[in-house]
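A.B. asks: Dropping in work25.txt, which is compact mmCIF, C-alpha atoms:
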# COMPACT_ATOMS: atom_id res chain seq x y z
CA MET A 900 -6.47 45.66 20.33
CA ALA A 901 -6.97 48.82 22.30
CA ARG A 902 -8.40 52.05 20.97
CA GLN A 903 -6.51 53.45 17.96
CA LEU A 904 -4.09 56.31 18.65
CA TYR A 905 -4.24 59.29 16.28
CA TRP A 906 -1.54 61.80 15.49
CA GLU A 907 -3.74 64.57 16.89
CA ASP A 908 -3.84 62.73 20.26
CA VAL A 909 -0.13 63.21 20.97
CA GLU A 910 2.09 66.19 21.68
CA VAL A 911 5.81 66.60 22.20
CA GLY A 912 6.38 65.27 25.71
CA SER A 913 3.45 62.83 25.59
CA GLU A 914 4.15 59.53 27.29
CA VAL A 915 4.27 56.25 25.40
CA THR A 916 2.05 53.89 27.42
CA PRO A 917 4.52 52.09 29.72
CA LEU A 918 4.88 48.32 29.37
CA PRO A 919 6.03 46.12 32.27
CA ARG A 920 8.14 43.05 31.48
CA VAL A 921 9.60 40.30 33.63
CA ALA A 922 12.67 38.54 32.30
CA THR A 923 12.85 34.98 33.59
CA THR A 924 15.25 32.14 32.95
CA GLN A 925 12.32 30.49 31.14
CA MET A 926 11.81 33.50 28.89
CA LEU A 927 15.51 33.48 27.98
CA VAL A 928 15.29 29.82 26.99
CA LYS A 929 12.23 30.55 24.84
CA TRP A 930 13.97 33.53 23.27
CA ALA A 931 17.06 31.46 22.50
CA GLY A 932 14.92 28.91 20.71
CA ALA A 933 12.76 31.46 18.90
CA SER A 934 15.60 33.72 17.84
CA GLY A 935 18.38 31.22 17.30
CA ASP A 936 20.79 32.91 19.70
CA PHE A 937 22.34 30.02 21.58
CA ASN A 938 25.23 31.95 23.07
CA PRO A 939 25.82 30.16 26.43
CA ILE A 940 26.43 33.55 28.07
CA HIS A 941 22.63 33.66 28.37
CA PHE A 942 22.09 30.32 30.11
CA GLU A 943 25.29 28.93 31.61
CA ASP A 944 26.79 30.23 34.85
CA THR A 945 30.33 28.98 34.25
CA PHE A 946 30.46 30.29 30.70
CA ALA A 947 29.06 33.68 31.75
CA SER A 948 31.63 33.89 34.50
CA LYS A 949 34.48 33.10 32.09
CA GLN A 950 33.18 35.81 29.78
CA GLY A 951 33.48 38.27 32.62
CA VAL A 952 29.77 38.95 33.19
CA ASP A 953 29.46 36.85 36.37
CA LYS A 954 25.96 35.40 35.77
CA PRO A 955 23.84 34.79 32.65
CA ILE A 956 22.47 38.04 31.22
CA VAL A 957 19.27 38.95 29.39
CA HIS A 958 19.74 39.00 25.60
CA GLY A 959 20.04 42.55 24.36
CA ALA A 960 17.88 41.64 21.39
CA LEU A 961 15.10 40.43 23.70
CA LYS A 962 15.02 43.88 25.30
CA ARG A 963 14.96 45.36 21.81
CA ALA A 964 11.96 43.11 21.02
CA TRP A 965 10.22 44.41 24.19
CA LEU A 966 10.72 47.95 22.89
CA VAL A 967 9.07 46.93 19.60
CA THR A 968 6.06 45.69 21.62
CA LEU A 969 6.05 48.97 23.59
CA MET A 970 5.75 50.90 20.32
CA THR A 971 3.36 48.61 18.42
CA ASN A 972 0.97 48.45 21.43
CA TRP A 973 0.98 52.23 21.65
CA ILE A 974 0.60 53.09 17.93
CA GLY A 975 -2.09 50.44 17.40
CA ASP A 976 -2.98 48.44 14.31
CA ASN A 977 -3.20 51.50 12.07
CA GLY A 978 0.07 53.01 13.19
CA THR A 979 3.25 51.96 11.40
CA LEU A 980 6.64 51.58 13.02
CA LYS A 981 9.27 53.06 10.68
CA LYS A 982 12.47 52.99 12.71
CA LEU A 983 13.65 51.58 16.00
CA SER A 984 17.11 51.60 17.46
CA CYS A 985 18.59 50.86 20.86
CA GLN A 986 21.87 50.33 22.61
CA TYR A 987 22.55 47.59 25.11
CA ARG A 988 24.30 49.67 27.77
CA GLY A 989 23.55 47.84 30.99
CA MET A 990 23.34 44.16 31.80
CA ASP A 991 20.15 42.68 33.22
CA ARG A 992 19.73 39.36 34.96
CA PRO A 993 16.58 37.22 34.75
CA ARG A 994 14.42 36.06 37.63
CA VAL A 995 14.55 32.34 38.35
CA MET A 996 11.40 30.23 38.20
CA LYS A 997 9.33 29.27 41.23
CA SER A 998 7.10 26.81 39.37
CA LEU A 999 6.52 25.73 35.78
CA TYR A 1000 4.66 28.95 35.10
CA GLU A 1001 5.57 31.45 37.78
CA PRO A 1002 8.77 33.32 38.46
CA GLU A 1003 10.16 33.98 41.92
CA GLU A 1004 9.68 37.45 43.37
CA GLY A 1005 12.18 39.91 41.95
CA ASP A 1006 12.79 42.66 39.48
CA THR A 1007 10.28 44.03 37.00
CA TRP A 1008 11.50 45.99 34.00
CA TRP A 1009 9.57 48.87 32.50
CA CYS A 1010 9.64 49.82 28.84
CA LYS A 1011 8.91 53.52 28.56
CA GLY A 1012 9.06 56.38 26.12
CA LYS A 1013 8.07 59.92 25.29
CA VAL A 1014 7.42 61.89 22.15
CA THR A 1015 10.34 64.13 21.14
CA ARG A 1016 9.07 65.42 17.79
CA LYS A 1017 5.86 65.55 15.77
CA TYR A 1018 5.81 66.45 12.07
CA VAL A 1019 4.26 65.88 8.66
CA ASN A 1020 6.37 64.65 5.80
CA ASP A 1021 5.04 63.81 2.33
CA GLY A 1022 1.50 63.83 3.70
CA GLU A 1023 2.33 61.28 6.41
CA HIS A 1024 2.00 62.06 10.11
CA TYR A 1025 5.14 61.20 12.05
CA VAL A 1026 6.19 61.02 15.67
CA ASP A 1027 9.73 60.53 16.96
CA CYS A 1028 10.11 59.02 20.41
CA GLU A 1029 12.81 58.51 22.94
CA ILE A 1030 12.38 54.98 24.31
CA TRP A 1031 14.13 52.87 26.88
CA VAL A 1032 14.06 49.82 29.14
CA GLU A 1033 14.39 50.70 32.80
CA ASN A 1034 15.53 48.25 35.48
CA ALA A 1035 14.10 48.01 39.00
CA LYS A 1036 16.55 50.69 40.19
CA GLY A 1037 15.25 53.09 37.55
CA GLU A 1038 18.41 52.86 35.42
CA LYS A 1039 18.00 52.96 31.65
CA THR A 1040 19.85 49.81 30.62
CA THR A 1041 18.60 49.96 27.03
CA PRO A 1042 18.14 53.50 25.66
CA GLY A 1043 16.85 53.97 22.16
CA ALA A 1044 14.72 55.87 19.70
CA ALA A 1045 11.75 55.12 17.47
CA THR A 1046 9.87 56.75 14.61
CA ALA A 1047 6.28 55.90 13.72
CA VAL A 1048 3.56 57.06 11.36
CA LEU A 1049 0.14 57.52 12.95
CA PRO A 1050 -3.25 57.86 11.30
CA SER A 1051 -4.61 61.39 11.24
CA ARG A 1052 -8.19 62.55 11.81
CA GLY A 1053 -7.39 64.79 8.85
CA MET B 267 45.37 47.99 16.17
CA ILE B 268 42.81 46.55 13.80
CA PRO B 269 44.54 43.51 12.27
CA GLU B 270 44.95 43.38 8.49
CA GLU B 271 42.86 40.16 8.34
CA ALA B 272 39.88 42.06 9.78
CA ALA B 273 40.48 45.41 8.02
CA LYS B 274 40.52 43.79 4.61
CA LEU B 275 36.96 42.47 5.17
CA VAL B 276 35.44 45.95 5.54
CA GLY B 277 33.07 46.52 2.63
CA LYS B 278 32.70 42.79 1.95
CA ALA B 279 29.30 41.07 1.94
CA ASP B 280 28.17 37.47 2.37
CA ALA B 281 26.47 35.57 -0.41
CA PRO B 282 22.69 36.19 -0.19
CA ARG B 283 20.65 33.79 1.92
CA VAL B 284 17.01 32.91 1.40
CA TYR B 285 14.54 32.58 4.28
CA GLU B 286 10.93 31.57 4.45
CA VAL B 287 8.80 33.44 6.94
CA GLU B 288 6.91 30.70 8.74
CA LYS B 289 3.75 31.26 10.73
CA GLY B 290 4.91 28.93 13.50
CA ALA B 291 8.21 30.78 13.82
CA ILE B 292 6.30 34.07 14.15
CA LYS B 293 4.19 32.64 16.98
CA ARG B 294 7.18 31.17 18.80
CA TYR B 295 8.92 34.53 18.56
CA ALA B 296 5.87 36.47 19.79
CA ASP B 297 5.45 33.97 22.62
CA ALA B 298 9.09 34.36 23.69
CA VAL B 299 8.64 38.13 23.81
CA ASP B 300 5.26 37.71 25.55
CA ASP B 301 3.63 39.80 22.81
CA ARG B 302 -0.07 38.91 22.50
CA ASN B 303 -0.81 41.23 19.57
CA PRO B 304 -3.56 39.41 17.61
CA LEU B 305 -1.91 40.42 14.31
CA TYR B 306 0.62 37.66 15.07
CA TRP B 307 -1.80 35.13 16.57
CA ASP B 308 -5.36 35.42 15.29
CA GLU B 309 -5.99 34.48 11.64
CA GLU B 310 -9.39 36.06 11.42
CA TYR B 311 -8.37 39.23 13.21
CA ALA B 312 -5.33 39.58 10.94
CA ARG B 313 -7.41 38.90 7.83
CA ASN B 314 -9.74 41.75 8.75
CA SER B 315 -6.85 44.11 9.49
CA ARG B 316 -5.25 46.35 6.87
CA TYR B 317 -2.52 43.69 6.46
CA GLY B 318 -4.95 41.01 5.32
CA SER B 319 -3.01 38.17 6.98
CA ILE B 320 -0.72 37.24 9.88
CA ILE B 321 2.36 39.48 9.96
CA ALA B 322 5.72 39.14 11.67
CA PRO B 323 6.58 41.56 14.50
CA PRO B 324 8.84 44.36 13.25
CA GLY B 325 12.41 43.24 13.80
CA PHE B 326 11.51 39.55 13.70
CA PHE B 327 14.41 38.95 11.36
CA GLY B 328 17.01 40.96 13.19
CA TRP B 329 19.97 40.00 15.30
CA PRO B 330 20.31 37.40 16.60
CA ILE B 331 18.36 35.12 14.33
CA ARG B 332 20.87 32.48 13.60
CA TRP B 333 20.26 31.84 9.97
CA THR B 334 19.95 35.42 8.86
CA GLY B 335 23.66 36.00 8.86
CA ALA B 336 23.07 38.81 11.32
CA ALA B 337 24.63 36.76 14.08
CA PRO B 338 28.12 36.43 12.70
CA PHE B 339 29.63 34.09 15.24
CA PHE B 340 27.05 31.40 14.48
CA ILE B 341 27.91 31.24 10.79
CA PRO B 342 31.49 30.03 10.46
CA ASP B 343 32.33 31.40 7.02
CA SER B 344 30.41 34.69 7.24
CA VAL B 345 32.27 37.96 6.79
CA GLY B 346 31.19 39.02 10.29
CA ASN B 347 32.47 35.86 11.90
CA LEU B 348 35.81 35.98 10.05
CA ALA B 349 36.25 39.55 11.25
CA LEU B 350 35.47 38.59 14.86
CA GLU B 351 37.91 35.67 14.70
CA ALA B 352 40.64 37.98 13.46
CA MET B 353 39.81 40.43 16.28
CA SER B 354 39.93 37.60 18.81
CA LYS B 355 43.48 36.71 17.72
CA ALA B 356 44.42 40.39 17.92
CA GLY B 357 43.58 40.61 21.64
CA TYR B 358 39.81 41.05 21.67
CA PRO B 359 38.61 37.59 22.81
CA TYR B 360 35.14 38.60 24.06
CA ILE B 361 32.16 39.92 22.17
CA LEU B 362 28.96 41.64 23.24
CA ASP B 363 25.95 42.79 21.26
CA GLY B 364 26.16 46.58 21.33
CA GLY B 365 22.85 47.51 19.78
CA ALA B 366 20.82 47.65 16.62
CA GLU B 367 19.15 50.16 14.32
CA PHE B 368 16.16 49.01 12.30
CA GLU B 369 14.47 50.68 9.40
CA PHE B 370 11.14 49.17 8.33
CA MET B 371 9.90 49.80 4.80
CA LEU B 372 7.24 47.13 4.26
CA PRO B 373 5.30 44.68 6.42
CA VAL B 374 6.54 41.10 6.48
CA ARG B 375 3.75 38.53 6.16
CA ALA B 376 3.70 34.86 7.03
CA GLY B 377 4.52 33.04 3.80
CA ASP B 378 6.88 35.73 2.48
CA THR B 379 10.32 34.82 1.25
CA LEU B 380 13.17 37.13 2.21
CA ILE B 381 16.62 37.36 0.73
CA SER B 382 19.29 38.88 2.93
CA SER B 383 22.88 39.78 2.64
CA SER B 384 25.09 40.86 5.52
CA LYS B 385 27.87 43.35 4.92
CA LEU B 386 30.72 44.46 7.18
CA LEU B 387 30.49 48.26 7.08
CA ASP B 388 33.27 49.24 9.45
CA ILE B 389 35.60 48.25 12.29
CA TYR B 390 37.13 50.81 14.61
CA GLU B 391 38.70 51.02 18.06
CA ARG B 392 37.75 53.33 20.88
CA GLU B 393 38.80 53.83 24.51
CA SER B 394 36.05 53.63 27.10
CA LYS B 395 36.76 54.07 30.81
CA GLY B 396 40.39 53.09 30.27
CA ASN B 397 39.48 49.94 28.31
CA LYS B 398 40.18 49.49 24.65
CA LEU B 399 37.13 48.31 22.71
CA ALA B 400 36.62 47.53 19.06
CA PHE B 401 33.32 48.07 17.26
CA CYS B 402 32.25 45.95 14.28
CA ILE B 403 29.36 47.42 12.31
CA LEU B 404 27.29 45.03 10.18
CA GLU B 405 24.41 45.86 7.89
CA ASN B 406 21.80 43.42 6.69
CA THR B 407 19.23 44.25 4.01
CA PHE B 408 16.14 42.05 3.55
CA THR B 409 14.43 41.99 0.16
CA ASN B 410 11.10 40.23 -0.31
CA GLN B 411 9.86 37.94 -3.07
CA ASN B 412 8.70 40.97 -5.07
CA GLY B 413 12.17 42.45 -5.11
CA ALA B 414 11.29 45.23 -2.66
CA VAL B 415 13.39 46.01 0.42
CA ALA B 416 11.27 45.11 3.46
CA PHE B 417 13.72 46.29 6.11
CA LYS B 418 17.32 46.98 6.98
CA VAL B 419 19.20 46.45 10.20
CA ARG B 420 22.54 47.82 11.26
CA GLN B 421 24.11 46.22 14.29
CA THR B 422 27.10 46.90 16.46
CA ILE B 423 29.21 44.10 17.89
CA ILE B 424 31.56 45.16 20.64
CA CYS B 425 34.87 43.27 20.91
CA ARG B 426 36.75 43.54 24.17
Would you mind giving the structure from this file in structure tokens?

C.D. replies:
Amino acid sequence: MARQLYWEDVEVGSEVTPLPRVATTQMLVKWAGASGDFNPIHFEDTFASKQGVDKPIVHGALKRAWLVTLMTNWIGDNGTLKKLSCQYRGMDRPRVMKSLYEPEEGDTWWCKGKVTRKYVNDGEHYVDCEIWVENAKGEKTTPGAATAVLPSRG
Amino acid sequence: MIPEEAAKLVGKADAPRVYEVEKGAIKRYADAVDDRNPLYWDEEYARNSRYGSIIAPPGFFGWPIRWTGAAPFFIPDSVGNLALEAMSKAGYPYILDGGAEFEFMLPVRAGDTLISSSKLLDIYERESKGNKLAFCILENTFTNQNGAVAFKVRQTIICR
């Protein structure tokens, strides 16, 4: 993993290292199998249309899992994620596949965040962050919050 | 109106379910998320980390893992599913995942056994942009083989 982040390295307003993600139809199939969410709204056009969402949508919980990766990449092996929450406000639609491995050109999503609070509690060094998934138009489709404990240089 | 059949389920919990945290399931999950963190993939790396072995990504056992009971509509007799069925009959035929709040207390390692129980905390209605929506709030607590709570998740299902 990358260099370890320390509590002393961050300030209120510091950026969580942004993480790009590309949702593809293939990723949604993998997520369905890995997570057990086989709701056809995520893979069937007709069903999605009947449910009033027009086309299959990206699982909210997959975007939540991206936000976990955003945080765990940033806090490193010796940081500990304590809380993470998010709301699925906007719908996102996956790219289709061009080949077995490559998606067609299209949208890239960015997981982002910034530090909103930094404090010590019971000898542990905490940071609170505002986090979100942003679509290609810059809209926050999945806003949330996270709390982590970071190692301190003491 | 929240129908009586749904309202009477508030505060009720499902019977506990037992889950084994499998290494292969962790890797499939990490692969689906495209998360290459070696703590989930590399035995030796994980052994030399402060965890001492492969761990599951935080939130691995959250919505919508089918067999956790956190995905009510997949488990026919769960409290969550019974509530959603009652809401469907009362004019809320569609559901959407509204969001989730996780609290992590302890790491989850491959080979752990978790016991979970899902509870219906609340159901309420709210108007949003002229539409009536109903919110079902479910809470799931996961206890490990040592009797310690590993994590909790609270999720919101939106009925419309």

A.B. asks: Can you pull out every residue within 8 Å of stretch 920-936 of chain A, counting all atoms listed in the file, but drop anything in the same chain fewer than 5 positions away, and send it as a PyMOL selection string?

C.D. replies: (chain A and resi 941-942+957-958+961+965+992-996+1002+1006-1010) or (chain B and resi 291+294-295+297-299+330-333+337)

A.B. asks: If you measure from atom CA of B:Ala356 to atom CA of B:Lys398, what distance in Å do you get, rounded to one decimal?

C.D. replies: 12.1 Å

A.B. asks: Closest to chain A among B:Ile292, B:Val415, B:Leu387, B:Ala376, using all atoms listed in the file?

C.D. replies: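 Of B:Ile292, B:Val415, B:Leu387, B:Ala376, the one nearest chain A is B:Ile292, counting all atoms listed in the file.
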
A.B. asks: Around all the atoms of stretch 989-1004 of chain A listed in the file, draw an axis-aligned box and extend it by 4 Å on each of the six sides; I want its centre and edge lengths in Å to one decimal, as lines of an AutoDock Vina configuration file.

C.D. replies:
center_x = 14.1
center_y = 36.8
center_z = 37.2
size_x = 26.9
size_y = 30.1
size_z = 20.4

A.B. asks: When you get a sec, could you note down which chain B residues fall within 10 Å of chain A, using all atoms listed in the file, as a VMD selection string?

C.D. replies: chain B and resid 290 to 305 311 to 312 315 to 317 323 to 334 337 339 to 340 359 to 373 417 to 422

A.B. asks: May I ask for the distance between atom CA of A:Glu943 and atom CA of B:Leu399, given in Å to one decimal place?

C.D. replies: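 A separation of 24.4 Å between them.
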
A.B. asks: Could you tell me which of A:Met990, A:Val1026, A:Ala1035, A:Val1019 comes closest to A:Ala947 if we count all atoms listed in the file?

C.D. replies: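 Comparing A:Met990, A:Val1026, A:Ala1035, A:Val1019 against A:Ala947, the winner is A:Met990.
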
A.B. asks: Which one is closest to B:Ser383: B:Met353, B:Thr409, B:Cys425, B:Lys395? Count all atoms listed in the file.

C.D. replies: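 Checking each candidate against B:Ser383, we get B:Thr409 as the closest.
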
A.B. asks: Take atom CA of A:Gly989 and atom CA of A:Lys1039 and report the distance between them in Å, one decimal.

C.D. replies: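 Going from atom CA of A:Gly989 over to atom CA of A:Lys1039 covers 7.6 Å.
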
A.B. asks: Which residue, B:Lys355, B:Lys278, B:Arg392, B:Arg283, has the smallest gap to B:Asn410 when you use all atoms listed in the file?

C.D. replies: B:Arg283

A.B. asks: List as a PDB file with C-alpha atoms, in the frame of the given file the protein and nucleic acid residues near B:Leu380, meaning an atom at most 8 Å away when all atoms listed in the file are counted, but skip any in the same chain fewer than 5 places from it.

C.D. replies:
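And here is the file that came out, part_4.pdb:
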ATOM      1  CA  VAL B 284      17.010  32.910   1.400  1.00  0.00           C
ATOM      2  CA  TYR B 285      14.540  32.580   4.280  1.00  0.00           C
ATOM      3  CA  GLU B 286      10.930  31.570   4.450  1.00  0.00           C
ATOM      4  CA  VAL B 287       8.800  33.440   6.940  1.00  0.00           C
ATOM      5  CA  PHE B 408      16.140  42.050   3.550  1.00  0.00           C
ATOM      6  CA  THR B 409      14.430  41.990   0.160  1.00  0.00           C
ATOM      7  CA  ASN B 410      11.100  40.230  -0.310  1.00  0.00           C
ATOM      8  CA  GLN B 411       9.860  37.940  -3.070  1.00  0.00           C
TER       9      GLN B 411
END

A.B. asks: From the list A:Asp908, A:Pro919, A:Lys1011, A:Lys997, which residue is nearest A:Leu1049 when using only C-alpha atoms?

C.D. replies: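 Among the listed residues, A:Asp908 lies closest to A:Leu1049.
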
A.B. asks: Missing atoms in stretch 1025-1049 of chain A need filling: write out N, CA and C atoms for it as an mmCIF file, in the coordinates of the input.

C.D. replies:
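What follows is the written file selection20.cif:
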data_model
loop_
_atom_site.group_PDB
_atom_site.id
_atom_site.type_symbol
_atom_site.label_atom_id
_atom_site.label_comp_id
_atom_site.auth_asym_id
_atom_site.auth_seq_id
_atom_site.Cartn_x
_atom_site.Cartn_y
_atom_site.Cartn_z
ATOM 1 N N TYR A 1025 4.076 61.890 11.323
ATOM 2 C CA TYR A 1025 5.140 61.200 12.050
ATOM 3 C C TYR A 1025 5.246 61.617 13.520
ATOM 4 N N VAL A 1026 5.713 60.690 14.333
ATOM 5 C CA VAL A 1026 6.190 61.020 15.670
ATOM 6 C C VAL A 1026 7.548 60.351 15.896
ATOM 7 N N ASP A 1027 8.459 61.091 16.514
ATOM 8 C CA ASP A 1027 9.730 60.530 16.960
ATOM 9 C C ASP A 1027 9.630 60.365 18.475
ATOM 10 N N CYS A 1028 10.173 59.277 18.973
ATOM 11 C CA CYS A 1028 10.110 59.020 20.410
ATOM 12 C C CYS A 1028 11.481 58.641 20.947
ATOM 13 N N GLU A 1029 11.689 59.042 22.182
ATOM 14 C CA GLU A 1029 12.810 58.510 22.940
ATOM 15 C C GLU A 1029 12.227 57.301 23.683
ATOM 16 N N ILE A 1030 12.895 56.177 23.638
ATOM 17 C CA ILE A 1030 12.380 54.980 24.310
ATOM 18 C C ILE A 1030 13.493 54.333 25.123
ATOM 19 N N TRP A 1031 13.102 53.547 26.091
ATOM 20 C CA TRP A 1031 14.130 52.870 26.880
ATOM 21 C C TRP A 1031 13.528 51.728 27.705
ATOM 22 N N VAL A 1032 14.427 50.831 28.136
ATOM 23 C CA VAL A 1032 14.060 49.820 29.140
ATOM 24 C C VAL A 1032 14.728 50.242 30.438
ATOM 25 N N GLU A 1033 13.927 50.249 31.492
ATOM 26 C CA GLU A 1033 14.390 50.700 32.800
ATOM 27 C C GLU A 1033 14.413 49.501 33.746
ATOM 28 N N ASN A 1034 15.487 49.359 34.524
ATOM 29 C CA ASN A 1034 15.530 48.250 35.480
ATOM 30 C C ASN A 1034 14.840 48.667 36.787
ATOM 31 N N ALA A 1035 14.839 47.757 37.752
ATOM 32 C CA ALA A 1035 14.100 48.010 39.000
ATOM 33 C C ALA A 1035 14.681 49.190 39.783
ATOM 34 N N LYS A 1036 15.944 49.531 39.505
ATOM 35 C CA LYS A 1036 16.550 50.690 40.190
ATOM 36 C C LYS A 1036 16.268 51.993 39.441
ATOM 37 N N GLY A 1037 15.546 51.892 38.319
ATOM 38 C CA GLY A 1037 15.250 53.090 37.550
ATOM 39 C C GLY A 1037 16.343 53.473 36.568
ATOM 40 N N GLU A 1038 17.329 52.577 36.379
ATOM 41 C CA GLU A 1038 18.410 52.860 35.420
ATOM 42 C C GLU A 1038 17.987 52.438 34.023
ATOM 43 N N LYS A 1039 18.330 53.273 33.041
ATOM 44 C CA LYS A 1039 18.000 52.960 31.650
ATOM 45 C C LYS A 1039 19.086 52.047 31.092
ATOM 46 N N THR A 1040 18.818 50.746 31.099
ATOM 47 C CA THR A 1040 19.850 49.810 30.620
ATOM 48 C C THR A 1040 19.846 49.728 29.101
ATOM 49 N N THR A 1041 18.732 50.111 28.480
ATOM 50 C CA THR A 1041 18.600 49.960 27.030
ATOM 51 C C THR A 1041 17.943 51.206 26.435
ATOM 52 N N PRO A 1042 18.711 52.284 26.245
ATOM 53 C CA PRO A 1042 18.140 53.500 25.660
ATOM 54 C C PRO A 1042 18.018 53.372 24.152
ATOM 55 N N GLY A 1043 17.008 54.038 23.602
ATOM 56 C CA GLY A 1043 16.850 53.970 22.160
ATOM 57 C C GLY A 1043 15.939 55.055 21.624
ATOM 58 N N ALA A 1044 15.566 54.896 20.372
ATOM 59 C CA ALA A 1044 14.720 55.870 19.700
ATOM 60 C C ALA A 1044 13.816 55.146 18.707
ATOM 61 N N ALA A 1045 12.658 55.727 18.436
ATOM 62 C CA ALA A 1045 11.750 55.120 17.470
ATOM 63 C C ALA A 1045 11.018 56.204 16.685
ATOM 64 N N THR A 1046 10.660 55.863 15.465
ATOM 65 C CA THR A 1046 9.870 56.750 14.610
ATOM 66 C C THR A 1046 8.672 55.960 14.113
ATOM 67 N N ALA A 1047 7.484 56.580 14.189
ATOM 68 C CA ALA A 1047 6.280 55.900 13.720
ATOM 69 C C ALA A 1047 5.405 56.867 12.931
ATOM 70 N N VAL A 1048 4.588 56.301 12.057
ATOM 71 C CA VAL A 1048 3.560 57.060 11.360
ATOM 72 C C VAL A 1048 2.231 56.714 12.001
ATOM 73 N N LEU A 1049 1.445 57.731 12.347
ATOM 74 C CA LEU A 1049 0.140 57.520 12.950
ATOM 75 C C LEU A 1049 -0.952 57.957 11.993
#
